[in-house]
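model06.cif (mmCIF, C-alpha atoms)
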```cif
data_structure
#
loop_
_atom_site.label_atom_id
_atom_site.label_comp_id
_atom_site.auth_asym_id
_atom_site.auth_seq_id
_atom_site.Cartn_x
_atom_site.Cartn_y
_atom_site.Cartn_z
CA MET S 1 59.27 112.35 58.89
CA ASP S 2 61.38 111.78 55.78
CA ALA S 3 64.21 110.52 57.99
CA LEU S 4 61.76 108.17 59.70
CA ARG S 5 60.92 106.61 56.35
CA ALA S 6 64.65 106.21 55.73
CA ILE S 7 65.18 104.47 59.08
CA ALA S 8 62.36 102.05 58.23
CA MET S 9 64.20 101.12 55.02
CA LEU S 10 67.58 100.80 56.73
CA LEU S 11 66.16 98.44 59.34
CA GLY S 12 65.51 96.13 56.40
CA ILE S 13 69.27 95.68 55.99
CA VAL S 14 69.57 94.59 59.63
CA LEU S 15 66.59 92.28 59.15
CA HIS S 16 68.09 90.57 56.10
CA ALA S 17 71.51 90.29 57.75
CA ALA S 18 69.94 88.42 60.69
CA ILE S 19 67.94 85.82 58.77
CA PRO S 20 70.57 83.02 58.39
CA TYR S 21 71.20 83.10 62.13
CA ARG S 22 67.57 82.60 63.13
CA ILE S 23 66.40 79.24 64.39
CA PHE S 24 63.47 79.51 61.98
CA THR S 25 65.32 80.70 58.89
CA ASN S 26 63.20 81.98 56.01
CA ALA S 27 62.48 79.60 53.16
CA ASN S 28 64.91 79.77 50.21
CA TRP S 29 67.38 81.74 52.35
CA PRO S 30 70.88 80.69 53.47
CA SER S 31 70.72 78.88 56.79
CA ASP S 32 73.85 78.92 58.92
CA PRO S 33 73.87 75.86 61.19
CA ALA S 34 77.15 76.96 62.81
CA PHE S 35 75.36 79.63 64.76
CA GLN S 36 71.62 80.09 65.17
CA THR S 37 69.98 81.58 68.23
CA ILE S 38 66.59 82.75 69.39
CA GLY S 39 68.04 86.24 69.81
CA PHE S 40 68.06 86.75 66.05
CA ASP S 41 64.50 85.42 65.83
CA ALA S 42 63.44 88.04 68.39
CA LEU S 43 65.35 90.74 66.48
CA TYR S 44 63.72 89.66 63.21
CA ILE S 45 60.23 89.59 64.73
CA TRP S 46 60.73 92.97 66.43
CA ILE S 47 61.82 94.68 63.19
CA HIS S 48 59.40 92.80 60.96
CA SER S 49 56.41 93.60 63.17
CA PHE S 50 56.54 97.35 62.50
CA ARG S 51 59.13 98.31 59.86
CA MET S 52 57.09 98.17 56.64
CA GLN S 53 53.92 99.22 58.45
CA LEU S 54 55.74 102.37 59.54
CA PHE S 55 57.13 102.89 56.05
CA PHE S 56 53.71 102.76 54.39
CA LEU S 57 52.20 105.04 57.05
CA VAL S 58 54.88 107.68 56.42
CA ALA S 59 54.49 107.14 52.66
CA GLY S 60 50.76 107.87 52.94
CA PHE S 61 51.51 111.05 54.90
CA PHE S 62 53.94 112.32 52.27
CA ALA S 63 51.69 111.25 49.40
CA ARG S 64 48.99 113.72 50.44
CA LEU S 65 51.53 116.40 51.37
CA LEU S 66 53.23 116.18 47.97
CA TYR S 67 49.96 115.96 46.05
CA LEU S 68 48.64 119.16 47.65
CA LYS S 69 52.00 120.91 47.25
CA ILE S 70 52.68 120.30 43.55
CA GLY S 71 49.35 119.18 42.08
CA GLN S 72 48.19 116.05 40.31
CA GLU S 73 50.17 116.23 37.09
CA LYS S 74 53.52 116.99 38.75
CA PHE S 75 52.78 114.43 41.44
CA ILE S 76 52.43 111.73 38.80
CA GLN S 77 55.64 112.84 37.08
CA HIS S 78 57.46 112.93 40.42
CA ARG S 79 56.36 109.42 41.41
CA LEU S 80 57.15 107.99 37.98
CA LYS S 81 60.67 109.37 38.30
CA ARG S 82 61.31 108.45 41.95
CA ILE S 83 59.47 105.11 42.16
CA LEU S 84 58.65 103.58 38.77
CA LEU S 85 61.99 104.30 37.06
CA PRO S 86 64.17 102.87 39.90
CA PHE S 87 61.77 99.93 40.12
CA VAL S 88 62.13 99.05 36.42
CA VAL S 89 65.90 99.51 36.39
CA SER S 90 66.26 97.46 39.58
CA ILE S 91 64.25 94.59 38.07
CA ILE S 92 66.76 94.46 35.21
CA VAL S 93 69.96 95.00 37.22
CA ILE S 94 69.56 94.49 40.97
CA ILE S 95 67.12 91.56 41.15
CA PRO S 96 69.33 89.17 39.12
CA LEU S 97 72.32 90.10 41.29
CA SER S 98 70.17 89.62 44.41
CA LEU S 99 68.94 86.20 43.33
CA ALA S 100 72.32 84.80 42.27
CA PRO S 101 73.64 84.06 45.81
CA LEU S 102 70.30 82.57 46.89
CA LEU S 103 70.14 80.31 43.85
CA TYR S 104 73.79 79.31 44.23
CA TYR S 105 73.09 78.38 47.86
CA LYS S 106 70.14 76.27 46.74
CA PHE S 107 72.14 74.31 44.17
CA MET S 108 75.45 74.13 46.06
CA PHE S 109 74.36 73.55 49.65
CA LEU S 110 70.85 72.13 49.46
CA GLN S 111 71.09 70.03 46.29
CA GLU S 112 74.82 69.36 46.87
CA LEU S 113 75.91 69.96 43.30
CA SER S 114 79.53 70.72 42.47
CA ALA S 115 80.56 74.37 42.47
CA TYR S 116 80.77 74.33 38.66
CA GLU S 117 77.31 72.78 38.26
CA ALA S 118 75.87 75.15 40.86
CA VAL S 119 77.16 78.15 38.91
CA LEU S 120 75.70 76.82 35.64
CA GLN S 121 72.33 76.13 37.27
CA THR S 122 72.36 79.58 38.88
CA PHE S 123 72.87 81.34 35.54
CA SER S 124 70.10 79.24 34.02
CA ALA S 125 67.65 79.94 36.87
CA ILE S 126 68.31 83.70 36.87
CA LYS S 127 66.82 83.90 33.36
CA GLN S 128 63.47 82.75 34.77
CA TRP S 129 61.04 84.87 36.75
CA ASN S 130 61.75 84.47 40.48
CA GLY S 131 59.72 87.30 41.99
CA LEU S 132 60.40 90.88 43.07
CA VAL S 133 62.62 89.90 46.03
CA HIS S 134 63.05 93.00 48.25
CA LEU S 135 61.47 95.38 45.72
CA TRP S 136 57.90 94.25 46.37
CA PHE S 137 57.30 97.35 48.51
CA LEU S 138 57.83 99.65 45.51
CA TYR S 139 55.27 97.62 43.58
CA TYR S 140 52.70 97.98 46.35
CA LEU S 141 53.55 101.64 46.80
CA MET S 142 52.77 102.33 43.15
CA MET S 143 49.44 100.53 43.51
CA PHE S 144 48.57 102.64 46.56
CA TYR S 145 49.38 105.79 44.60
CA GLY S 146 47.19 104.50 41.79
CA CYS S 147 44.29 103.93 44.18
CA MET S 148 44.78 107.37 45.70
CA LEU S 149 44.78 109.11 42.32
CA THR S 150 41.78 107.11 41.11
CA LEU S 151 39.74 108.16 44.14
CA GLN S 152 40.85 111.77 43.67
CA ILE S 153 39.53 111.69 40.11
CA VAL S 154 36.38 109.61 40.58
CA ILE S 155 34.98 111.07 43.82
CA PRO S 156 33.67 114.64 43.60
CA ALA S 157 35.61 117.15 45.71
CA GLU S 158 32.72 117.93 48.06
CA LEU S 159 31.97 114.26 48.74
CA ARG S 160 35.67 113.53 49.12
CA SER S 161 36.01 116.28 51.72
CA SER S 162 33.02 114.92 53.62
CA ILE S 163 34.41 111.38 53.64
CA LEU S 164 37.82 112.59 54.80
CA SER S 165 36.33 114.58 57.65
CA LYS S 166 34.66 111.41 58.91
CA LEU S 167 37.69 109.16 58.44
CA THR S 168 40.27 111.43 60.08
CA VAL S 169 39.41 109.91 63.45
CA LEU S 170 41.33 106.80 62.29
CA ALA S 171 44.57 108.78 62.31
CA ASN S 172 44.61 109.01 66.10
CA LEU S 173 45.85 105.61 67.25
CA THR S 174 46.38 107.06 70.73
CA ASN S 175 42.58 107.02 71.10
CA PRO S 176 41.76 103.66 72.77
CA LEU S 177 38.64 103.12 70.66
CA VAL S 178 40.50 103.81 67.41
CA PHE S 179 43.40 101.63 68.54
CA VAL S 180 41.07 98.70 69.28
CA GLY S 181 39.12 99.20 66.03
CA VAL S 182 42.24 99.23 63.82
CA ALA S 183 43.76 96.34 65.79
CA PHE S 184 40.61 94.28 65.29
CA PHE S 185 40.66 94.91 61.53
CA LEU S 186 44.33 93.90 61.30
CA TYR S 187 43.54 90.84 63.42
CA PHE S 188 40.74 89.91 61.02
CA ILE S 189 43.12 90.08 58.03
CA LEU S 190 45.62 87.81 59.78
CA GLN S 191 42.82 85.48 60.82
CA ILE S 192 41.38 84.95 57.35
CA ASN S 193 44.89 84.46 55.95
CA ASN S 194 45.78 82.03 58.77
CA LEU S 195 48.85 84.09 59.77
CA ILE S 196 50.20 85.50 62.99
CA LEU S 197 52.78 87.69 61.27
CA ILE S 198 52.36 89.28 57.86
CA GLU S 199 54.99 88.06 55.40
CA PRO S 200 56.01 89.77 52.13
CA HIS S 201 54.56 88.45 48.89
CA THR S 202 56.97 89.00 46.01
CA GLY S 203 54.83 87.93 43.07
CA LEU S 204 53.38 90.25 40.44
CA ARG S 205 49.88 89.16 41.35
CA PRO S 206 49.20 91.06 44.59
CA ALA S 207 48.27 89.10 47.70
CA ILE S 208 44.91 90.63 48.66
CA GLY S 209 45.44 90.18 52.39
CA GLN S 210 48.85 91.85 52.30
CA PHE S 211 47.60 94.61 50.03
CA VAL S 212 44.71 95.47 52.38
CA TYR S 213 46.90 95.11 55.46
CA TYR S 214 49.57 97.56 54.32
CA GLY S 215 46.92 99.71 52.65
CA ILE S 216 45.46 100.40 56.11
CA PHE S 217 48.74 101.93 57.21
CA PHE S 218 49.02 103.97 54.01
CA LEU S 219 45.48 105.26 54.65
CA VAL S 220 46.25 106.09 58.29
CA GLY S 221 49.32 108.06 57.15
CA TYR S 222 47.26 109.86 54.50
CA LEU S 223 44.65 110.76 57.12
CA LEU S 224 47.34 111.80 59.57
CA HIS S 225 48.31 114.60 57.19
CA THR S 226 44.74 115.91 57.27
CA LYS S 227 44.94 116.06 61.06
CA SER S 228 48.61 116.70 61.75
CA GLN S 229 47.89 117.90 65.32
CA VAL S 230 47.47 114.22 66.17
CA ILE S 231 51.25 113.93 65.87
CA GLU S 232 51.45 115.83 69.17
CA GLN S 233 49.50 112.99 70.75
CA PHE S 234 51.96 110.48 69.34
CA LYS S 235 54.83 112.55 70.77
CA ARG S 236 53.24 112.57 74.20
CA TYR S 237 52.80 108.79 74.35
CA SER S 238 55.85 107.82 72.27
CA VAL S 239 57.97 106.32 75.06
CA LEU S 240 55.03 104.42 76.57
CA PHE S 241 54.00 103.06 73.16
CA PHE S 242 57.50 102.03 72.12
CA LEU S 243 58.45 100.38 75.40
CA THR S 244 55.15 98.51 75.66
CA GLY S 245 55.45 97.33 72.06
CA GLY S 246 59.02 96.20 72.74
CA ILE S 247 57.95 94.25 75.83
CA LEU S 248 55.25 92.47 73.83
CA VAL S 249 57.98 91.08 71.55
CA ILE S 250 58.87 88.62 74.33
CA PRO S 251 55.48 86.82 74.62
CA PHE S 252 54.92 87.09 70.88
CA THR S 253 58.28 85.42 70.12
CA TYR S 254 57.41 82.67 72.57
CA LEU S 255 54.04 82.08 70.91
CA TYR S 256 55.68 82.24 67.49
CA PHE S 257 57.89 79.32 68.53
CA ILE S 258 54.94 77.36 69.86
CA VAL S 259 52.89 77.64 66.67
CA SER S 260 55.98 76.96 64.55
CA THR S 261 57.06 73.80 66.39
CA THR S 262 53.88 72.21 67.74
CA ASP S 263 50.31 71.50 66.75
CA ALA S 264 49.08 74.57 68.57
CA SER S 265 45.46 75.06 69.55
CA PRO S 266 43.27 77.67 67.84
CA GLN S 267 43.31 79.66 71.08
CA THR S 268 47.09 79.95 70.89
CA TYR S 269 46.81 81.43 67.41
CA TRP S 270 44.13 83.87 68.61
CA VAL S 271 46.30 85.11 71.46
CA ALA S 272 49.38 85.35 69.22
CA ARG S 273 47.51 87.44 66.65
CA ALA S 274 46.06 89.72 69.32
CA ILE S 275 49.47 90.34 70.86
CA GLY S 276 51.04 90.73 67.42
CA VAL S 277 48.68 93.44 66.15
CA CYS S 278 48.94 95.36 69.43
CA GLN S 279 52.72 95.11 69.26
CA THR S 280 52.68 96.43 65.69
CA LEU S 281 50.47 99.44 66.40
CA LEU S 282 52.38 100.34 69.56
CA LEU S 283 55.77 100.18 67.85
CA VAL S 284 54.52 102.16 64.82
CA GLY S 285 52.96 104.85 67.02
CA GLY S 286 55.95 104.92 69.36
CA SER S 287 58.44 105.19 66.49
CA LEU S 288 56.48 107.98 64.83
CA GLY S 289 56.04 110.01 68.00
CA GLY S 290 59.53 109.34 69.31
CA PHE S 291 61.27 110.35 66.11
CA VAL S 292 59.31 113.59 65.83
CA ARG S 293 59.89 114.25 69.53
CA PHE S 294 63.63 113.61 69.69
CA PHE S 295 64.92 114.06 66.13
CA SER S 296 62.85 116.89 64.67
CA SER S 297 65.67 119.45 64.53
CA GLU S 298 67.75 119.84 61.38
CA ASN S 299 70.82 117.61 61.37
CA LYS S 300 73.26 117.20 58.46
CA THR S 301 74.09 113.61 59.34
CA ILE S 302 70.45 112.55 59.50
CA ARG S 303 69.77 114.43 56.27
CA TYR S 304 72.62 112.60 54.57
CA ILE S 305 71.40 109.21 55.85
CA SER S 306 67.89 110.06 54.67
CA ASP S 307 69.24 110.78 51.19
CA ALA S 308 71.34 107.63 51.15
CA ALA S 309 68.73 105.21 52.54
CA TYR S 310 66.91 104.60 49.24
CA TRP S 311 70.09 103.56 47.46
CA LEU S 312 71.35 101.57 50.45
CA TYR S 313 68.16 99.53 50.50
CA LEU S 314 68.04 98.98 46.74
CA ALA S 315 71.70 97.91 46.57
CA HIS S 316 72.20 96.02 49.84
CA PHE S 317 70.52 92.72 49.00
CA PRO S 318 73.14 91.17 46.66
CA ILE S 319 75.93 92.10 49.10
CA VAL S 320 74.10 90.72 52.15
CA THR S 321 73.22 87.39 50.55
CA CYS S 322 76.64 86.99 48.92
CA MET S 323 78.38 87.57 52.26
CA GLU S 324 76.02 85.18 54.05
CA VAL S 325 76.74 82.38 51.57
CA ALA S 326 80.49 83.07 51.63
CA LEU S 327 80.62 82.92 55.43
CA LEU S 328 78.96 79.49 55.56
CA SER S 329 82.29 77.80 54.86
CA SER S 330 84.44 80.28 56.79
CA SER S 331 86.11 80.04 60.18
CA VAL S 332 84.52 83.29 61.39
CA TYR S 333 82.87 82.77 64.77
CA GLY S 334 79.07 82.63 64.66
CA TRP S 335 78.22 85.84 66.50
CA LEU S 336 80.68 87.77 64.33
CA ARG S 337 79.14 86.59 61.06
CA PHE S 338 76.09 88.78 61.49
CA TRP S 339 78.26 91.82 62.23
CA VAL S 340 80.63 91.08 59.34
CA VAL S 341 77.67 90.95 56.95
CA LEU S 342 76.13 94.13 58.35
CA ILE S 343 79.33 96.18 58.53
CA ILE S 344 80.71 95.24 55.11
CA THR S 345 77.31 95.81 53.47
CA SER S 346 77.02 99.22 55.14
CA ILE S 347 80.53 100.26 54.08
CA VAL S 348 80.14 99.13 50.46
CA THR S 349 76.71 100.68 49.98
CA LEU S 350 77.71 103.96 51.65
CA LEU S 351 80.88 104.26 49.56
CA THR S 352 79.04 103.52 46.32
CA TYR S 353 76.36 106.00 47.32
CA HIS S 354 78.81 108.80 48.06
CA TYR S 355 81.11 108.35 45.06
CA ILE S 356 78.83 106.86 42.39
CA VAL S 357 75.27 107.89 43.27
CA ARG S 358 74.86 111.05 45.35
CA TYR S 359 76.11 113.64 42.88
CA THR S 360 75.20 111.81 39.69
CA ILE S 361 72.05 111.31 37.65
CA ILE S 362 71.26 108.26 39.80
CA GLY S 363 71.08 110.41 42.92
CA THR S 364 69.02 113.02 41.08
CA VAL S 365 66.46 110.34 40.23
CA LEU S 366 66.40 108.85 43.74
CA HIS S 367 66.27 112.01 45.85
CA GLY S 368 66.81 115.10 43.73
CA LYS S 369 69.96 116.98 42.77
CA ARG S 370 72.64 117.38 45.44
CA ILE S 371 75.57 119.80 45.18
CA ARG S 372 78.99 119.14 46.74
CA GLU S 373 79.77 121.44 49.69
CA ASN S 374 82.64 123.24 47.95
CA GLN S 375 80.45 123.83 44.89
CA GLU S 376 77.63 125.04 47.12
CA GLU S 377 79.95 127.58 48.77
CA ILE S 378 81.12 128.83 45.37
CA LEU S 379 77.51 129.12 44.22
CA LYS S 380 76.54 131.11 47.33
CA ALA S 381 79.53 133.42 46.93
CA SER S 382 78.76 134.09 43.26
CA THR S 383 75.12 134.76 44.12
CA ALA S 384 76.10 137.22 46.88
CA ASN S 385 78.36 139.11 44.47
#
```
Could you write out this structure as C-alpha cells?
Amino acid sequence: MDALRAIAMLLGIVLHAAIPYRIFTNANWPSDPAFQTIGFDALYIWIHSFRMQLFFLVAGFFARLLYLKIGQEKFIQHRLKRILLPFVVSIIVIIPLSLAPLLYYKFMFLQELSAYEAVLQTFSAIKQWNGLVHLWFLYYLMMFYGCMLTLQIVIPAELRSSILSKLTVLANLTNPLVFVGVAFFLYFILQINNLILIEPHTGLRPAIGQFVYYGIFFLVGYLLHTKSQVIEQFKRYSVLFFLTGGILVIPFTYLYFIVSTTDASPQTYWVARAIGVCQTLLLVGGSLGGFVRFFSSENKTIRYISDAAYWLYLAHFPIVTCMEVALLSSSVYGWLRFWVVLIITSIVTLLTYHYIVRYTIIGTVLHGKRIRENQEEILKASTAN
C-alpha cells in the first residue's frame, strides 16, 4: 500500500511532463505549438482522473493505521515531521524555483519581452504570492489530518465506534449500491461546481468543492482500514475495474473535447460527468486491488522507489518546467521532447535522492533513517558477535 501511494505521486511527474504537448494546455503553463496531440490529452485525463483520488484514499488508510499503532501524541509529532516540515521548507525553497520557469515563459513567450526584461520581471514576480503550485496536496492532507484528530477528540469513543460500524459499508466500492451512491455524490460535487474533471486549487483558501471531493476518498481509505477484508474484493475485481476504467477514458476524452471547443448542451455535461466519476472509481479500485494482488511481496526495488517518491515529487517540478521552456526553442523533434523532459527529470531527481537525500537528515525527515548496505552488514555482524 505504501508503494501504491508512491506510484500515485510518481504519476504526477508524467502528468506534468505531458502538459505542454496537450492540445488543451493548462493555463499559465508552457504550450509547445511544435508538437501537440490528443494522445497527451488522453494520457493527462487518464492519470488526472484517478491519481490524487488514489493518493488520498491510501493516505486515509495509513492515517488510521498509524494513529492506532503509535497513538495520538506520536501521530501528531510524526505528521508534523513528515508533512508540515517538508511543506514549510518547500514553500521557501522549491516553490520559487518551480515558479521561475513558468513566469519566465509568461514574460518571454507570451508578453514577448526581451530575455533580460523577462528575467527581471521573473525575479520581481517570484517575490509575490503565486500559490502552492504542486504542493497543494500536502496542504489538503494536513487539513484532513486535522479533521480526523478533531473528530477523534470531540466524539466520544462509544459513539465514534457506532458511527464507524455504520459507515464501513462505504469502503466496499465493489458493491454496486455503494459504487452508485459514491459516484452520485462525486457527480453532485462536480455538478454544483460546473466541472467535468476536478482541477487542483493552489490557493491558501481551500476550494470547498475540491476539499469535499478529495475528503471522500480520504474517508473511504480510513474506513477501508476498519474493514481490510474488503481489499480481497478489490483484488478479485482489479483487472475488470482497471480495464473498464481505462476504456471509459476514450468516450470521456471525446466529451472533454466537445465541452472544451463547443457550446455543449447540458445533457453533454451530464453524460461527461457520469462517465468521469465512474472512470475515476473504477481506476482507483482497480489500481488498489491490482497493486495488492500483483505487487504485495517484498521487493527491494519497489521499496527503494517508495522511499524516493516523496523527494522525486517535491523536487521534480522546477526541472520539468525548466526543461519544457528550454525545449521550446530547440530542434528536438516533438515526440522526443516529452521523453527528454521525463528522462532527464527522473535521472536528476534520482541522483539527488541517492547522493544528497536518502542517507542524510533530509531523508530521515521524509521517510525515516536509512542505512547504507555495507553499514547495515557491519551492524548485523557486530550485533551477532
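Taking CA of Gly221 in chain S and CA of Val284 in chain S as endpoints, the distance between them is 11.0 Å.
The interatomic distance for the pair CA of Ala326 in chain S and CA of Pro30 in chain S works out to 10.1 Å.
Residue nearest Leu65 in chain S, chosen from S:Ser228, S:Asn28, S:Thr364, S:Ser124 and counting all atoms listed in the file: S:Ser228.
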Query raised in the report: Of the residues S:Ser49, S:Gln210, S:Asn194, S:Ser161, which is the one nearest to Val259 in chain S, using only C-alpha atoms?
Result: S:Asn194
Report summary line: CA of Val178 in chain S sits from CA of Val220 in chain S at a separation of 11.0 Å
Requested in this report: Go through S:Tyr187, S:Phe257, S:Phe35, S:Phe211 one by one, measure the shortest atom-to-atom distance of each to Ser331 in chain S using only C-alpha atoms, and give the residue with the smallest value.
Outcome: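 Of all the options, S:Phe35 lies closest to Ser331 in chain S.
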Query raised in the report: When the PyMOL selection byres ((chain S and resi 47) around 9) is applied to the file above, which residues end up in the set, as JSON, numbers by chain?
Result: {"S": [8, 11, 12, 14, 15, 42, 43, 44, 45, 46, 48, 49, 50, 51, 52]}
Query - Given only C-alpha atoms as the counted atoms, nearest of S:Val341, S:Leu4, S:Leu149, S:Leu54 to Glu324 in chain S - result: S:Val341
Report task. Point out the residue among S:Leu170, S:Ala274, S:Thr349, S:Tyr333 with the least atom-to-atom distance to Phe188 in chain S, counting all atoms listed in the file. Result ->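 Residue with the minimum atom-to-atom distance to Phe188 in chain S: S:Ala274.
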Query raised in the report: Written as a PyMOL selection string, what is the full residue list that the PyMOL selection byres ((chain S and resi 323) around 9) yields on the file shown?
Result: chain S and resi 101+318-322+324-328+337+340-341+344-345
Output of the above residues as a short mmCIF file (atom, residue, chain, number, x, y, z; two decimals), keeping the file's coordinate frame, restricted to C-alpha atoms:
```
data_model
loop_
_atom_site.label_atom_id
_atom_site.label_comp_id
_atom_site.auth_asym_id
_atom_site.auth_seq_id
_atom_site.Cartn_x
_atom_site.Cartn_y
_atom_site.Cartn_z
CA PRO S 101 73.64 84.06 45.81
CA PRO S 318 73.14 91.17 46.66
CA ILE S 319 75.93 92.10 49.10
CA VAL S 320 74.10 90.72 52.15
CA THR S 321 73.22 87.39 50.55
CA CYS S 322 76.64 86.99 48.92
CA GLU S 324 76.02 85.18 54.05
CA VAL S 325 76.74 82.38 51.57
CA ALA S 326 80.49 83.07 51.63
CA LEU S 327 80.62 82.92 55.43
CA LEU S 328 78.96 79.49 55.56
CA ARG S 337 79.14 86.59 61.06
CA VAL S 340 80.63 91.08 59.34
CA VAL S 341 77.67 90.95 56.95
CA ILE S 344 80.71 95.24 55.11
CA THR S 345 77.31 95.81 53.47
#
```
Query raised in the report: Which one is closest to Ala59 in chain S: S:Tyr140, S:Tyr304, S:Phe291, S:Phe234? Count only C-alpha atoms.
Result: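 Closest candidate: S:Tyr140.
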Once the PyMOL selection byres ((chain S and resi 37) around 12) is applied to the coordinates I shared, what remains selected? I want it as a compact mmCIF listing (two decimals) with C-alpha atoms, in the frame of the given file.
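Saved result, selection_1.txt, follows:
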```txt
# COMPACT_ATOMS: atom_id res chain seq x y z
CA ALA S 18 69.94 88.42 60.69
CA ILE S 19 67.94 85.82 58.77
CA PRO S 20 70.57 83.02 58.39
CA TYR S 21 71.20 83.10 62.13
CA ARG S 22 67.57 82.60 63.13
CA ILE S 23 66.40 79.24 64.39
CA PHE S 24 63.47 79.51 61.98
CA THR S 25 65.32 80.70 58.89
CA SER S 31 70.72 78.88 56.79
CA ASP S 32 73.85 78.92 58.92
CA PRO S 33 73.87 75.86 61.19
CA ALA S 34 77.15 76.96 62.81
CA PHE S 35 75.36 79.63 64.76
CA GLN S 36 71.62 80.09 65.17
CA ILE S 38 66.59 82.75 69.39
CA GLY S 39 68.04 86.24 69.81
CA PHE S 40 68.06 86.75 66.05
CA ASP S 41 64.50 85.42 65.83
CA ALA S 42 63.44 88.04 68.39
CA LEU S 43 65.35 90.74 66.48
CA TYR S 44 63.72 89.66 63.21
CA GLY S 334 79.07 82.63 64.66
CA TRP S 335 78.22 85.84 66.50
CA PHE S 338 76.09 88.78 61.49
```
Hey, could you pull the box centre and edge lengths for range 215-228 of chain S, axis-aligned, 6 Å padding per side, all listed atoms, to one decimal in Å, as JSON?
```
{"center_x": 47.0, "center_y": 108.2, "center_z": 57.2, "size_x": 16.7, "size_y": 29.0, "size_z": 21.1}
```
**Report entry** Selection near range 73-76 of chain S, 12 Å with all atoms listed in the file, sequence-local residues under 6 positions removed, as a PyMOL selection string
**Finding:** chain S and resi 62-67+82-84+142+145-146+148-150+153
